[in-house]
$ cat protein33.cif   # mmCIF, C-alpha atoms
data_upload
#
loop_
_atom_site.label_atom_id
_atom_site.label_comp_id
_atom_site.auth_asym_id
_atom_site.auth_seq_id
_atom_site.Cartn_x
_atom_site.Cartn_y
_atom_site.Cartn_z
CA MET A 1 -2.44 110.75 160.28
CA ILE A 2 -2.58 107.24 158.83
CA LEU A 3 0.85 105.93 157.86
CA THR A 4 2.28 102.57 156.89
CA ASP A 5 5.75 101.36 157.77
CA LYS A 6 6.72 101.45 154.11
CA TYR A 7 5.20 102.62 150.84
CA CYS A 8 3.71 99.68 148.92
CA GLY A 9 5.48 100.70 145.71
CA ASP A 10 4.30 102.23 142.45
CA ALA A 11 3.28 98.96 140.80
CA LYS A 12 1.03 98.07 143.74
CA MET A 13 -0.40 101.59 143.99
CA ASP A 14 -1.13 101.56 140.26
CA SER A 15 -3.02 98.28 140.63
CA LEU A 16 -4.96 99.61 143.65
CA LEU A 17 -6.09 102.71 141.73
CA LYS A 18 -7.39 100.43 138.99
CA LYS A 19 -8.99 98.06 141.49
CA TYR A 20 -11.04 100.84 143.05
CA GLU A 21 -11.89 102.15 139.55
CA VAL A 22 -10.30 105.50 140.32
CA GLU A 23 -10.13 107.78 137.30
CA PHE A 24 -6.76 109.03 138.54
CA THR A 25 -3.62 107.35 137.20
CA LEU A 26 -0.42 106.91 139.19
CA HIS A 27 1.23 109.76 137.29
CA GLN A 28 -1.72 112.06 138.00
CA LEU A 29 -1.51 111.15 141.70
CA TYR A 30 2.16 112.12 141.79
CA GLY A 31 1.44 115.36 139.96
CA LEU A 32 -1.38 116.38 142.29
CA LEU A 33 0.71 115.54 145.37
CA TYR A 34 3.67 117.56 144.10
CA GLY A 35 1.48 120.57 143.39
CA ALA A 36 -0.50 120.43 146.63
CA ILE A 37 2.59 119.98 148.80
CA SER A 38 4.59 122.64 146.94
CA ALA A 39 1.88 125.31 147.20
CA PRO A 40 2.23 128.18 149.72
CA GLU A 41 -1.00 127.41 151.59
CA ILE A 42 -1.49 124.10 153.37
CA VAL A 43 -3.66 121.64 151.45
CA GLN A 44 -5.25 119.02 153.67
CA PRO A 45 -4.63 115.40 152.55
CA SER A 46 -8.37 114.75 152.86
CA ARG A 47 -8.98 117.25 150.06
CA VAL A 48 -6.53 115.45 147.80
CA ILE A 49 -8.15 112.09 148.62
CA SER A 50 -11.55 113.56 147.72
CA ILE A 51 -10.21 114.72 144.34
CA ILE A 52 -8.66 111.32 143.64
CA PHE A 53 -12.05 109.66 144.16
CA ASN A 54 -13.90 112.49 142.40
CA GLY A 55 -15.81 113.36 145.56
CA LYS A 56 -17.31 109.87 145.84
CA GLU A 57 -17.06 107.44 148.74
CA PRO A 58 -14.50 104.76 147.83
CA GLU A 59 -15.85 101.22 147.99
CA PHE A 60 -13.34 99.38 150.14
CA GLU A 61 -14.02 95.75 150.98
CA SER A 62 -13.00 96.21 154.61
CA MET A 63 -11.78 98.76 157.13
CA GLU A 64 -8.32 97.21 157.00
CA GLU A 65 -8.24 97.64 153.22
CA ALA A 66 -9.25 101.29 153.60
CA LYS A 67 -6.55 101.91 156.21
CA SER A 68 -3.95 100.22 154.04
CA PHE A 69 -4.78 102.28 150.94
CA LEU A 70 -5.01 105.61 152.76
CA GLY A 71 -1.87 104.79 154.72
CA ASN A 72 0.06 104.20 151.52
CA VAL A 73 -1.20 107.47 150.02
CA MET A 74 -0.05 109.32 153.14
CA THR A 75 3.31 107.56 153.10
CA LEU A 76 3.75 108.56 149.46
CA TRP A 77 2.71 112.09 150.51
CA ASN A 78 5.66 112.18 152.92
CA VAL A 79 8.02 110.80 150.28
CA VAL A 80 7.01 113.58 147.89
CA ALA A 81 7.25 116.15 150.70
CA GLY A 82 10.87 115.17 151.18
CA SER A 83 11.49 115.95 147.50
CA THR A 84 9.77 119.34 147.63
CA SER A 85 11.96 120.39 150.56
CA GLY A 86 15.11 119.62 148.60
CA GLU A 87 16.23 117.18 151.28
CA ALA A 88 15.71 114.09 149.12
CA PRO A 89 15.99 113.18 145.42
CA MET A 90 12.91 113.67 143.25
CA ALA A 91 10.48 110.79 143.72
CA TRP A 92 8.95 109.84 140.38
CA PRO A 93 6.52 107.15 139.13
CA GLU A 94 8.36 103.96 138.30
CA ILE A 95 6.20 102.56 135.55
CA VAL A 96 7.58 100.78 132.48
CA PHE A 97 5.66 101.34 129.27
CA GLN A 98 5.47 98.77 126.52
CA GLN A 99 7.86 99.40 123.62
CA SER A 100 5.11 99.88 121.06
CA ASP A 101 3.26 102.66 119.31
CA SER A 102 0.42 102.53 121.85
CA GLY A 103 2.93 102.29 124.72
CA LEU A 104 4.72 105.42 123.53
CA LYS A 105 1.47 107.36 123.35
CA GLU A 106 0.52 106.12 126.81
CA TYR A 107 3.93 107.26 128.07
CA ILE A 108 3.44 110.76 126.68
CA HIS A 109 -0.11 110.98 128.07
CA ALA A 110 1.20 109.96 131.49
CA ILE A 111 3.83 112.70 131.59
CA THR A 112 1.56 115.47 130.32
CA SER A 113 -1.23 114.48 132.72
CA LEU A 114 1.25 114.59 135.61
CA ALA A 115 2.24 118.13 134.66
CA GLU A 116 -1.43 119.17 134.41
CA GLN A 117 -2.24 117.78 137.86
CA PHE A 118 0.84 119.51 139.27
CA ILE A 119 -0.63 122.85 138.18
CA LYS A 120 -4.01 121.91 139.69
CA GLY A 121 -2.28 121.03 142.94
CA LEU A 122 -0.59 124.43 143.02
CA ASP A 123 -4.00 126.06 142.50
CA LEU A 124 -5.40 124.10 145.46
CA GLY A 125 -2.83 125.79 147.67
CA SER A 126 -3.68 129.28 146.39
CA THR A 127 -0.42 129.80 144.50
CA GLN A 128 -0.41 133.36 143.16
CA GLU A 129 1.43 134.96 140.26
CA GLU A 130 3.64 136.89 142.69
CA ASP A 131 4.91 133.56 144.05
CA PHE A 132 6.59 132.98 140.69
CA SER A 133 9.70 135.10 140.42
CA GLY A 134 13.21 134.66 139.09
CA GLU A 135 14.27 131.02 138.99
CA ILE A 136 10.76 129.78 139.78
CA ARG A 137 9.26 131.70 136.84
CA ASP A 138 11.95 130.37 134.51
CA ALA A 139 11.24 126.80 135.64
CA PHE A 140 7.48 127.29 135.25
CA GLU A 141 7.84 128.70 131.73
CA SER A 142 10.17 125.84 130.81
CA LEU A 143 7.62 123.35 132.15
CA ALA A 144 4.85 124.93 130.05
CA ARG A 145 6.98 124.91 126.88
CA THR A 146 8.08 121.32 127.40
CA ASP A 147 4.54 120.14 128.09
CA LEU A 148 3.36 121.83 124.89
CA LEU A 149 6.23 120.23 122.96
CA LEU A 150 5.20 116.79 124.17
CA LYS A 151 1.59 117.34 123.16
CA GLU A 152 2.65 118.52 119.69
CA TYR A 153 4.89 115.46 119.41
CA LEU A 154 1.92 113.26 120.30
CA ASP A 155 -0.10 114.92 117.53
CA LEU A 156 2.64 114.02 115.04
CA LEU A 157 2.64 110.43 116.23
CA GLU A 158 -1.12 110.26 115.77
CA LYS A 159 -0.72 111.30 112.13
CA ASP A 160 2.32 109.13 111.33
CA LYS A 161 1.40 105.44 111.29
CA SER A 162 4.63 104.22 109.66
CA ALA A 163 7.00 104.17 112.64
CA ASN A 164 9.37 101.17 112.58
CA LYS A 165 11.25 99.67 115.54
CA LYS A 166 14.23 101.96 115.12
CA VAL A 167 12.09 105.10 114.98
CA LEU A 168 10.08 103.84 117.95
CA ALA A 169 13.22 103.30 120.04
CA GLU A 170 14.46 106.79 119.13
CA SER A 171 11.07 108.25 120.06
CA PHE A 172 11.17 106.61 123.50
CA GLU A 173 14.63 108.07 124.00
CA VAL A 174 13.44 111.56 123.02
CA VAL A 175 10.44 111.39 125.34
CA GLY A 176 12.68 110.13 128.13
CA LYS A 177 14.91 113.17 127.80
CA ILE A 178 11.88 115.49 127.75
CA GLU A 179 10.61 113.76 130.89
CA GLU A 180 13.93 114.54 132.61
CA ILE A 181 13.39 118.23 131.83
CA ILE A 182 9.90 118.10 133.37
CA VAL A 183 11.26 116.36 136.47
CA ASP A 184 13.86 119.12 136.81
CA CYS A 185 11.31 121.90 136.30
CA ILE A 186 8.89 120.53 138.90
CA GLY A 187 11.75 120.04 141.34
CA ARG A 188 12.96 123.62 140.88
CA ILE A 189 9.45 125.01 141.31
CA ALA A 190 8.76 122.90 144.40
CA VAL A 191 12.00 123.84 146.13
CA GLY A 192 11.76 127.44 144.93
CA LEU A 193 8.33 127.87 146.54
CA LYS A 194 9.73 126.82 149.90
CA GLY A 195 10.16 130.49 150.85
CA SER A 196 6.49 131.21 150.05
CA ARG A 197 5.42 128.24 152.15
CA MET A 198 7.46 129.45 155.11
CA ARG A 199 6.16 133.00 154.72
CA LYS A 200 2.57 131.79 154.60
CA ALA A 201 3.16 129.66 157.69
CA ARG A 202 4.46 132.70 159.58
CA GLU A 203 1.42 134.74 158.51
CA THR A 204 -0.89 131.99 159.69
CA ALA A 205 0.92 131.79 163.02
CA LYS A 206 0.57 135.56 163.45
CA PHE A 207 -3.13 135.36 162.64
CA VAL A 208 -3.69 132.65 165.23
CA GLU A 209 -1.65 134.59 167.79
CA SER A 210 -3.64 137.79 167.11
CA ALA A 211 -6.92 135.92 167.47
CA HIS A 212 -5.71 134.42 170.75
CA GLN A 213 -4.62 137.81 172.06
CA ALA A 214 -7.94 139.32 171.04
CA ARG A 215 -9.73 136.66 173.01
CA SER A 216 -7.44 137.13 176.03
CA ASN A 217 -7.69 140.92 176.00
CA LYS A 218 -11.45 140.90 175.43
CA VAL A 219 -11.45 143.23 172.43
CA GLU A 220 -14.68 145.17 172.02
CA ARG A 221 -16.87 143.56 169.34
CA ASN A 222 -17.15 146.76 167.31
CA ALA A 223 -13.43 147.61 167.62
CA PRO A 224 -11.02 147.11 164.67
CA CYS A 225 -9.79 143.53 164.53
CA PRO A 226 -6.21 143.09 165.88
CA CYS A 227 -5.27 141.03 162.81
CA ARG A 228 -5.39 144.27 160.75
CA SER A 229 -7.89 142.95 158.23
CA GLY A 230 -9.72 146.29 158.32
CA LYS A 231 -12.90 144.62 159.56
CA LYS A 232 -14.58 144.93 162.91
CA PHE A 233 -13.55 142.29 165.43
CA LYS A 234 -17.06 140.78 165.53
CA LYS A 235 -16.98 140.21 161.75
CA CYS A 236 -13.45 138.84 161.66
CA CYS A 237 -11.49 136.99 164.36
CA GLY A 238 -14.44 137.41 166.70
CA LEU A 239 -16.27 134.82 164.62
CA LEU A 240 -13.81 132.24 165.88
CA HIS A 241 -14.92 132.66 169.48
#

$ encode --input "protein33.cif" --output "structure tokens"
Amino acid sequence: MILTDKYCGDAKMDSLLKKYEVEFTLHQLYGLLYGAISAPEIVQPSRVISIIFNGKEPEFESMEEAKSFLGNVMTLWNVVAGSTSGEAPMAWPEIVFQQSDSGLKEYIHAITSLAEQFIKGLDLGSTQEEDFSGEIRDAFESLARTDLLLKEYLDLLEKDKSANKKVLAESFEVVGKIEEIIVDCIGRIAVGLKGSRMRKARETAKFVESAHQARSNKVERNAPCPCRSGKKFKKCCGLLH
């Protein structure tokens, strides 16, 4: 795993994403990381990197530049992982938007795109409907409602061209409060799914152990697979050997 001693910071990461002409914004990167790390099944960092670059080979000027960029993404990955475990405060993009009509719209786009990528990240890790129960379901529904509210608010801003400085300042304050709700929702979902992640890890460990035992005990190829999949050994764990 490539790591740097310290994360380069959001301003630098934002500039790097633009330098490499990545279609992903800093907010989208945070959202995808939160979703992928929160999901029950393990999502490999390489898969996230591929999505960031849209499946294309990034054009780094040197090997050192490549190592530096990937190292910072992995360091940010670990920072976000600390938040999803509940052991650290929620890490969030530290970007200041210009106090203008266009800046406000950019701010809203950033938050809604983060929420959208969070959902995509959860899908990457095979999050199922049964994983959402109780507090997690409430947080997810609140996230969906808040995201919709922001998008409707953006539609209103698009129609109203008469906003003065006072209205603009009030709008930034409103969006800031809505953003706090989204931060809270994502944090509750991420921490709430911790049980699903642990359960999935135990299932994976059992699967590996069963496959190992099958190999050690020399299970007949046409016998039922020890992992209880219902398939014959030769068409299940036997394929691993």

$ resolve_selection --input "protein33.cif" --expression "the PyMOL selection byres ((chain A and resi 153) around 12)" --output "PyMOL selection string"
chain A and resi 104-105+107-109+112+146-152+154-160+171-172+174-175+178

$ resolve_selection --input "protein33.cif" --expression "the PyMOL selection byres ((chain A and resi 80) around 8)" --output "NGL selection string"
:A and (30 or 33-34 or 37 or 76-79 or 81-84 or 90-91)

$ resolve_selection --input "protein33.cif" --expression "the PyMOL selection byres ((chain A and resi 123) around 12)" --output "JSON list (two decimals) with C-alpha atoms, in the coordinates of the input"
[["chain", "number", "residue", "atom", "x", "y", "z"],
["A", 32, "LEU", "CA", -1.38, 116.38, 142.29],
["A", 33, "LEU", "CA", 0.71, 115.54, 145.37],
["A", 34, "TYR", "CA", 3.67, 117.56, 144.10],
["A", 35, "GLY", "CA", 1.48, 120.57, 143.39],
["A", 36, "ALA", "CA", -0.50, 120.43, 146.63],
["A", 37, "ILE", "CA", 2.59, 119.98, 148.80],
["A", 38, "SER", "CA", 4.59, 122.64, 146.94],
["A", 39, "ALA", "CA", 1.88, 125.31, 147.20],
["A", 40, "PRO", "CA", 2.23, 128.18, 149.72],
["A", 41, "GLU", "CA", -1.00, 127.41, 151.59],
["A", 42, "ILE", "CA", -1.49, 124.10, 153.37],
["A", 43, "VAL", "CA", -3.66, 121.64, 151.45],
["A", 116, "GLU", "CA", -1.43, 119.17, 134.41],
["A", 117, "GLN", "CA", -2.24, 117.78, 137.86],
["A", 118, "PHE", "CA", 0.84, 119.51, 139.27],
["A", 119, "ILE", "CA", -0.63, 122.85, 138.18],
["A", 120, "LYS", "CA", -4.01, 121.91, 139.69],
["A", 121, "GLY", "CA", -2.28, 121.03, 142.94],
["A", 122, "LEU", "CA", -0.59, 124.43, 143.02],
["A", 124, "LEU", "CA", -5.40, 124.10, 145.46],
["A", 125, "GLY", "CA", -2.83, 125.79, 147.67],
["A", 126, "SER", "CA", -3.68, 129.28, 146.39],
["A", 127, "THR", "CA", -0.42, 129.80, 144.50],
["A", 128, "GLN", "CA", -0.41, 133.36, 143.16],
["A", 129, "GLU", "CA", 1.43, 134.96, 140.26],
["A", 131, "ASP", "CA", 4.91, 133.56, 144.05]]

$ atom_distance --input "protein33.cif" --atom1 "CA of Ser15 (chain A)" --atom2 "CA of Arg47 (chain A)"
22.0 Å

$ atom_distance --input "protein33.cif" --atom1 "CA of Glu130 (chain A)" --atom2 "CA of Gly86 (chain A)"
21.6 Å

$ atom_distance --input "protein33.cif" --atom1 "CA of Ser100 (chain A)" --atom2 "CA of Lys18 (chain A)"
21.9 Å

$ residues_around --input "protein33.cif" --residues "region 63-65 of chain A" --least-positions-apart "3" --cutoff "12 Å" --atoms "only C-alpha atoms" --output "count of residues only"
13

$ closest_residue --input "protein33.cif" --among "A:Arg199, A:Val73, A:Phe24, A:Lys177" --to "Ser46 (chain A)" --atoms "all atoms listed in the file"
A:Val73

$ closest_residue --input "protein33.cif" --among "A:Ser196, A:Val183, A:Val48, A:Ser62" --to "Ala139 (chain A)" --atoms "only C-alpha atoms"
A:Val183

$ residues_around --input "protein33.cif" --residues "His27 (chain A)" --least-positions-apart "4" --cutoff "8 Å" --atoms "all atoms listed in the file" --output "short mmCIF file (atom, residue, chain, number, x, y, z; two decimals) with C-alpha atoms, keeping the file's coordinate frame"
data_model
loop_
_atom_site.label_atom_id
_atom_site.label_comp_id
_atom_site.auth_asym_id
_atom_site.auth_seq_id
_atom_site.Cartn_x
_atom_site.Cartn_y
_atom_site.Cartn_z
CA GLY A 31 1.44 115.36 139.96
CA PRO A 93 6.52 107.15 139.13
CA ALA A 110 1.20 109.96 131.49
CA ILE A 111 3.83 112.70 131.59
CA SER A 113 -1.23 114.48 132.72
CA LEU A 114 1.25 114.59 135.61
#

$ build_atoms --input "protein33.cif" --residues "region 85-96 of chain A" --atoms "all heavy atoms" --output "short mmCIF file (atom, residue, chain, number, x, y, z; two decimals), in the coordinates of the input"
data_model
loop_
_atom_site.label_atom_id
_atom_site.label_comp_id
_atom_site.auth_asym_id
_atom_site.auth_seq_id
_atom_site.Cartn_x
_atom_site.Cartn_y
_atom_site.Cartn_z
N SER A 85 11.13 119.62 149.63
CA SER A 85 11.96 120.39 150.56
C SER A 85 13.40 120.46 150.09
O SER A 85 14.20 121.23 150.63
CB SER A 85 11.91 119.74 151.96
OG SER A 85 12.56 118.48 151.94
N GLY A 86 13.74 119.65 149.09
CA GLY A 86 15.11 119.62 148.60
C GLY A 86 16.01 118.73 149.42
O GLY A 86 17.21 118.65 149.16
N GLU A 87 15.43 118.03 150.39
CA GLU A 87 16.23 117.18 151.28
C GLU A 87 16.37 115.76 150.75
O GLU A 87 17.10 114.95 151.31
CB GLU A 87 15.59 117.15 152.67
CG GLU A 87 15.55 118.52 153.34
CD GLU A 87 14.77 118.51 154.63
OE1 GLU A 87 14.24 117.44 154.98
OE2 GLU A 87 14.69 119.58 155.28
N ALA A 88 15.65 115.43 149.69
CA ALA A 88 15.71 114.09 149.12
C ALA A 88 15.61 114.19 147.60
O ALA A 88 15.09 115.17 147.08
CB ALA A 88 14.57 113.23 149.67
N PRO A 89 16.11 113.17 146.89
CA PRO A 89 15.99 113.18 145.42
C PRO A 89 14.54 113.19 144.99
O PRO A 89 13.65 112.82 145.76
CB PRO A 89 16.68 111.85 145.01
CG PRO A 89 17.54 111.48 146.18
CD PRO A 89 16.82 111.98 147.39
N MET A 90 14.28 113.62 143.76
CA MET A 90 12.91 113.67 143.25
C MET A 90 12.32 112.27 143.14
O MET A 90 12.86 111.39 142.46
CB MET A 90 12.90 114.34 141.87
CG MET A 90 13.09 115.84 141.92
SD MET A 90 11.62 116.70 142.57
CE MET A 90 10.47 116.49 141.21
N ALA A 91 11.21 112.05 143.85
CA ALA A 91 10.48 110.79 143.72
C ALA A 91 9.66 110.88 142.44
O ALA A 91 9.06 111.91 142.15
CB ALA A 91 9.56 110.60 144.93
N TRP A 92 9.63 109.81 141.67
CA TRP A 92 8.95 109.84 140.38
C TRP A 92 8.33 108.48 140.10
O TRP A 92 8.87 107.45 140.51
CB TRP A 92 9.95 110.20 139.28
CG TRP A 92 9.34 110.78 138.05
CD1 TRP A 92 9.18 110.16 136.84
CD2 TRP A 92 8.79 112.09 137.88
NE1 TRP A 92 8.58 111.00 135.94
CE2 TRP A 92 8.32 112.21 136.56
CE3 TRP A 92 8.63 113.18 138.74
CZ2 TRP A 92 7.73 113.35 136.07
CZ3 TRP A 92 8.04 114.33 138.25
CH2 TRP A 92 7.60 114.41 136.93
N PRO A 93 7.18 108.43 139.41
CA PRO A 93 6.52 107.15 139.13
C PRO A 93 7.43 106.18 138.40
O PRO A 93 8.02 106.53 137.38
CB PRO A 93 5.33 107.56 138.24
CG PRO A 93 5.09 108.99 138.56
CD PRO A 93 6.43 109.58 138.85
N GLU A 94 7.53 104.98 138.93
CA GLU A 94 8.36 103.96 138.30
C GLU A 94 7.47 102.97 137.56
O GLU A 94 7.15 101.89 138.05
CB GLU A 94 9.21 103.25 139.37
CG GLU A 94 10.23 104.17 140.02
CD GLU A 94 11.10 103.44 141.03
OE1 GLU A 94 10.90 102.22 141.22
OE2 GLU A 94 11.98 104.08 141.63
N ILE A 95 7.06 103.38 136.40
CA ILE A 95 6.20 102.56 135.55
C ILE A 95 6.90 102.34 134.21
O ILE A 95 7.38 103.30 133.59
CB ILE A 95 4.83 103.23 135.30
CG1 ILE A 95 4.05 103.36 136.61
CG2 ILE A 95 4.03 102.46 134.28
CD1 ILE A 95 3.60 102.04 137.19
N VAL A 96 6.96 101.10 133.76
CA VAL A 96 7.58 100.78 132.48
C VAL A 96 6.49 100.64 131.43
O VAL A 96 5.53 99.89 131.61
CB VAL A 96 8.38 99.46 132.56
CG1 VAL A 96 8.97 99.11 131.20
CG2 VAL A 96 9.49 99.58 133.61
#
